[in-house]
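Trainee: Below you'll find the structure I mean.
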Amino acid sequence: MSQIDPVLSQMEDDVDELWPPTLAVTTSESARQKRKIAQLEEKLQVLESGKAMKQRESNYYMSQGRAIRRIVALYDSIEDLITENDRRCDEGDDDVTPEQSRLQLGYIALNNAIPWFHEKATELEYEEYIHMLKMLRQGADSARGDDTSKLKGLVPDWVNREFKPNPPVDHEDKHCRGFVNDTCGRLLCPTEMDWSNPVVRAGIRDRTDGHVVTEMSWPAFLYDGYTADMDNLEEGLFKSKLLIQAFKAIFTSPSSAKEVSGEGDGANIIENNRRARRDAAGKKVKTHVAQIIHMHKVSPRSIAYAACQLRFALSSVTSWRSVDGDFDYVQFWCNIIDFFEKAPGRIARRNVDRLLTWWNRKVFGTSHRVELNDVAKAKCPLMLSLCRGRE
């Protein structure tokens with residue numbers, strides 16, 4: 001051994017004394033594991049909190065989306081409405097097609113139904129924006145499905161009670177409805193055809209030339225008394241008892257659909273529902289759809305929605321679709337929308353306004369203040385001054 005080795009060994013011992021293998025202060029295994037578990041639990045809590053917040057946000061979007069099919073657009077996608085509004089921002093309002101006009105009015109209706117939508121869609125990052133649209137769409141389609149199921153059972157009750165068919169319309173089997181059923185066929189029959197004529201009935205059922213039922217004719221179920229005046233096809237249009245019942249069953253409650261006679265005097269549905277938050281026993285009263293979606297008056301798009309739902313309930317089709325034989329529901333919905341939103345001329349627009357006022361009375365009651373138009377409000381100060389002058 002060289003003389004230098006003992007010196008090196010002593011130096012190493014001195015270093016070990018100065019710098020031990022670890023600087024850690026000895027802690028029990030149990031204590032260390034408890035702290036690790038606590039840290040993991042804290043991280044898990046943060047993740048679950050974020051997940052819960054995301055779920056609450058998704059649920060909110062879905063609940064808000066339930067208004068879309070009902071009062072905005074039954075068939076148009078939210079994306080199409082947004083695209084049309086963006087197009088107008090870039091190109092202006094010149095030379096628009098009827099479809100583009102319908103989409104833009106739909107976008108306006110969307111923002112009336114969901115006031116925060118426009119600003120929110122602008123602020124969100126792309127992935128969050130796509131998620132919002134997805135949840136809104138799910139809520140919209142879910143509400144449409146719920147209404148379809150609801151009317152499937154209610155419409156046979158109304159038809160059987162009013163027309164007393166023999167045999168009665170089946171509550172479950174939709175294959176027994178449609179044109180194979182004399183009563184449903186009468187209601188679905190275009191107004192220009194005479195369902196009481198056996199030749200016409202056979203022609204419609206066989207879809208022969210001259211008897212093809214399409215969306216280009218108003219069906220009898222839209223008319224007051226289920227009969228049209230061929231000299232004035234607007235007379236009684238959109239005033240049928242079944243249509244009002246379907247509308248009220250969807251928007252104000254199935255029980256409210258039992259009473260559709262009269263002009264709605266004293267039947268302020270919104271106000272009565274607001275006051276009756278709790279019954280005498282203290283039990284919470286269920287809020288109806290119109291109040292949930294902040295719908296305070298009847299709109300053309302809500303009437304079109306109810307008409308499509310009623311037509312489907314009367315038909316023999318078992319699952320929701322846009323085409324039933326030769327009948328196109330999309331175009332049918334558009335025809336109704338155009339009747340209201342594209343009324344040609346002053347007289348036609350006045351008639352549409354009167355029809356909507358009639359609907360508001362039927363559904364929400366005469367005491368509902370949304371019926372006060374600008375003219376009526378302008379007359380109020382004059383009437384007040386006249387009353388004071390007579391004191």
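Residues in the structure tokens are named by chain (A, B, ... in the order shown) and by number from 1 within that chain; ligands are numbered from 1 in the order shown.
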Could the residues of segment 291-346 of chain A that have an atom at most 12 Å from segment 102-106 of chain A be listed as a tab-separated table, each with its closest atom pair and the distance in Å to one decimal, counting only C-alpha atoms and ordered by chain and ascending residue number?

Mentor:
residue	atom	partner	partner_atom	distance
A:Ser299	CA	A:Gly106	CA	11.9
A:Pro300	CA	A:Gly106	CA	11.2
A:Arg301	CA	A:Gly106	CA	9.0
A:Ser302	CA	A:Gly106	CA	11.9
A:Gln331	CA	A:Arg102	CA	11.9
A:Trp333	CA	A:Arg102	CA	11.1
A:Cys334	CA	A:Arg102	CA	8.1
A:Asn335	CA	A:Arg102	CA	10.7
A:Ile336	CA	A:Arg102	CA	11.4
A:Ile337	CA	A:Arg102	CA	8.1
A:Asp338	CA	A:Arg102	CA	8.0
A:Phe339	CA	A:Arg102	CA	11.7
A:Phe340	CA	A:Arg102	CA	11.3
A:Glu341	CA	A:Arg102	CA	8.5
A:Lys342	CA	A:Arg102	CA	9.4

Trainee: So which one's closest to His175 of chain A, A:His211, A:Trp359, A:Ser316, A:Cys189? Using only C-alpha atoms, please.

Mentor: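 The closest residue to His175 of chain A is A:Ser316.
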
Trainee: At a cut-off of 7 Å, using only C-alpha atoms, what residues contact Met135 of chain A? Leave out same-chain residues fewer than 4 positions from it and give the result as a PyMOL selection string.

Mentor: chain A and resi 58+61-62+131+139

Trainee: Given the choices A:His171, A:His288, A:Lys120, A:Lys36, which gets closest to Gly153 of chain A if the distance is worked out from only C-alpha atoms?

Mentor: A:His171

Trainee: Just the strand (DSSP E or B) stuff from segment 217-254 of chain A, please, per backbone DSSP, written as an mmCIF file with N, CA and C atoms, in the first residue's frame.

Mentor:
data_model
loop_
_atom_site.group_PDB
_atom_site.id
_atom_site.type_symbol
_atom_site.label_atom_id
_atom_site.label_comp_id
_atom_site.auth_asym_id
_atom_site.auth_seq_id
_atom_site.Cartn_x
_atom_site.Cartn_y
_atom_site.Cartn_z
ATOM 1 N N PRO A 219 -104.431 21.295 -44.086
ATOM 2 C CA PRO A 219 -105.278 20.180 -43.641
ATOM 3 C C PRO A 219 -106.454 20.669 -42.807
ATOM 4 N N TYR A 223 -108.531 24.111 -39.115
ATOM 5 C CA TYR A 223 -109.662 25.030 -39.247
ATOM 6 C C TYR A 223 -110.661 24.909 -38.108
ATOM 7 N N ASP A 229 -113.832 27.423 -45.659
ATOM 8 C CA ASP A 229 -114.662 28.153 -46.615
ATOM 9 C C ASP A 229 -113.847 28.279 -47.895
ATOM 10 N N ASN A 232 -113.013 31.651 -49.006
ATOM 11 C CA ASN A 232 -112.142 32.437 -48.141
ATOM 12 C C ASN A 232 -111.361 31.471 -47.246
ATOM 13 N N LEU A 237 -108.890 29.671 -40.237
ATOM 14 C CA LEU A 237 -107.594 28.991 -40.302
ATOM 15 C C LEU A 237 -106.807 29.220 -39.007
#

Trainee: Counting only C-alpha atoms, what is within 10 Å of Gln100 of chain A, bar same-chain residues fewer than 5 positions away, as a list of chain:residue names?

Mentor: A:Asp80, A:Leu81, A:Thr83, A:Glu84, A:Asn85, A:Arg87, A:Arg88, A:Asp93, A:Asp95, A:Leu105, A:Gly106

Trainee: Now that the selection is made, can you save its residues with N, CA and C atoms as a tab-separated table (two decimals), in the first residue's frame?

Mentor:
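Wrote part_35.tsv, looks like this:
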chain	number	residue	atom	x	y	z
A	80	ASP	N	-76.98	26.80	-38.68
A	80	ASP	CA	-77.49	27.47	-39.89
A	80	ASP	C	-77.97	28.88	-39.57
A	81	LEU	N	-78.58	29.04	-38.41
A	81	LEU	CA	-79.05	30.37	-38.00
A	81	LEU	C	-77.86	31.31	-37.81
A	83	THR	N	-74.84	30.98	-39.13
A	83	THR	CA	-74.19	31.20	-40.43
A	83	THR	C	-74.88	32.29	-41.22
A	84	GLU	N	-76.21	32.30	-41.18
A	84	GLU	CA	-76.95	33.33	-41.93
A	84	GLU	C	-76.72	34.71	-41.33
A	85	ASN	N	-76.69	34.78	-40.01
A	85	ASN	CA	-76.42	36.08	-39.39
A	85	ASN	C	-75.01	36.56	-39.72
A	87	ARG	N	-73.34	35.79	-42.38
A	87	ARG	CA	-73.34	36.17	-43.81
A	87	ARG	C	-73.85	37.58	-43.99
A	88	ARG	N	-74.89	37.92	-43.26
A	88	ARG	CA	-75.45	39.27	-43.38
A	88	ARG	C	-74.49	40.32	-42.84
A	93	ASP	N	-77.98	42.95	-46.23
A	93	ASP	CA	-79.32	42.36	-46.33
A	93	ASP	C	-79.90	42.38	-47.74
A	95	ASP	N	-80.83	41.37	-51.56
A	95	ASP	CA	-81.08	40.18	-52.39
A	95	ASP	C	-81.10	38.90	-51.56
A	105	LEU	N	-84.70	35.58	-39.24
A	105	LEU	CA	-85.75	35.78	-38.24
A	105	LEU	C	-85.64	34.71	-37.15
A	106	GLY	N	-85.17	33.52	-37.55
A	106	GLY	CA	-84.93	32.47	-36.57
A	106	GLY	C	-83.80	32.83	-35.62

Trainee: Given the choices A:Cys89, A:Met193, A:Val323, A:Ile78, which gets closest to Gly210 of chain A if the distance is worked out from only C-alpha atoms?

Mentor: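 Looking at the shortest contact to Gly210 of chain A, the residue is A:Met193.
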
Trainee: Give me, as JSON, numbers by chain, all polymer residues having an atom no more than 10 Å from Ile292 of chain A, counting only C-alpha atoms and skipping those fewer than 5 positions away in the same chain.

Mentor: {"A": [63, 64, 66, 67, 251, 287]}

Trainee: Using only C-alpha atoms, which residue out of A:Asn111, A:Lys152, A:Leu40, A:Thr357 lies closest to Trp320 of chain A?

Mentor: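 Nearest candidate to Trp320 of chain A out of A:Asn111, A:Lys152, A:Leu40, A:Thr357: A:Lys152.
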
Trainee: Excluding Leu187 of chain A and any residue of its chain fewer than 2 positions from it, enumerate the residues within 7 Å of it, using only C-alpha atoms, and give them as a list in words.

Mentor: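 My reading of the contact set: Thr183, Cys184, Gly185, Cys189, Pro219, Ala220, Phe221 and Tyr226 of chain A.
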
Trainee: Between A:Leu151, A:Ile250, A:Leu314, A:Val46, which one has atoms that come closest to Asp182 of chain A, using only C-alpha atoms?

Mentor: A:Leu314

Trainee: Which one is closest to Lys150 of chain A: A:Thr227, A:Ser253, A:Ser101, A:Gln45? Count only C-alpha atoms.

Mentor: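 The answer is A:Ser253, which sits nearest to Lys150 of chain A.
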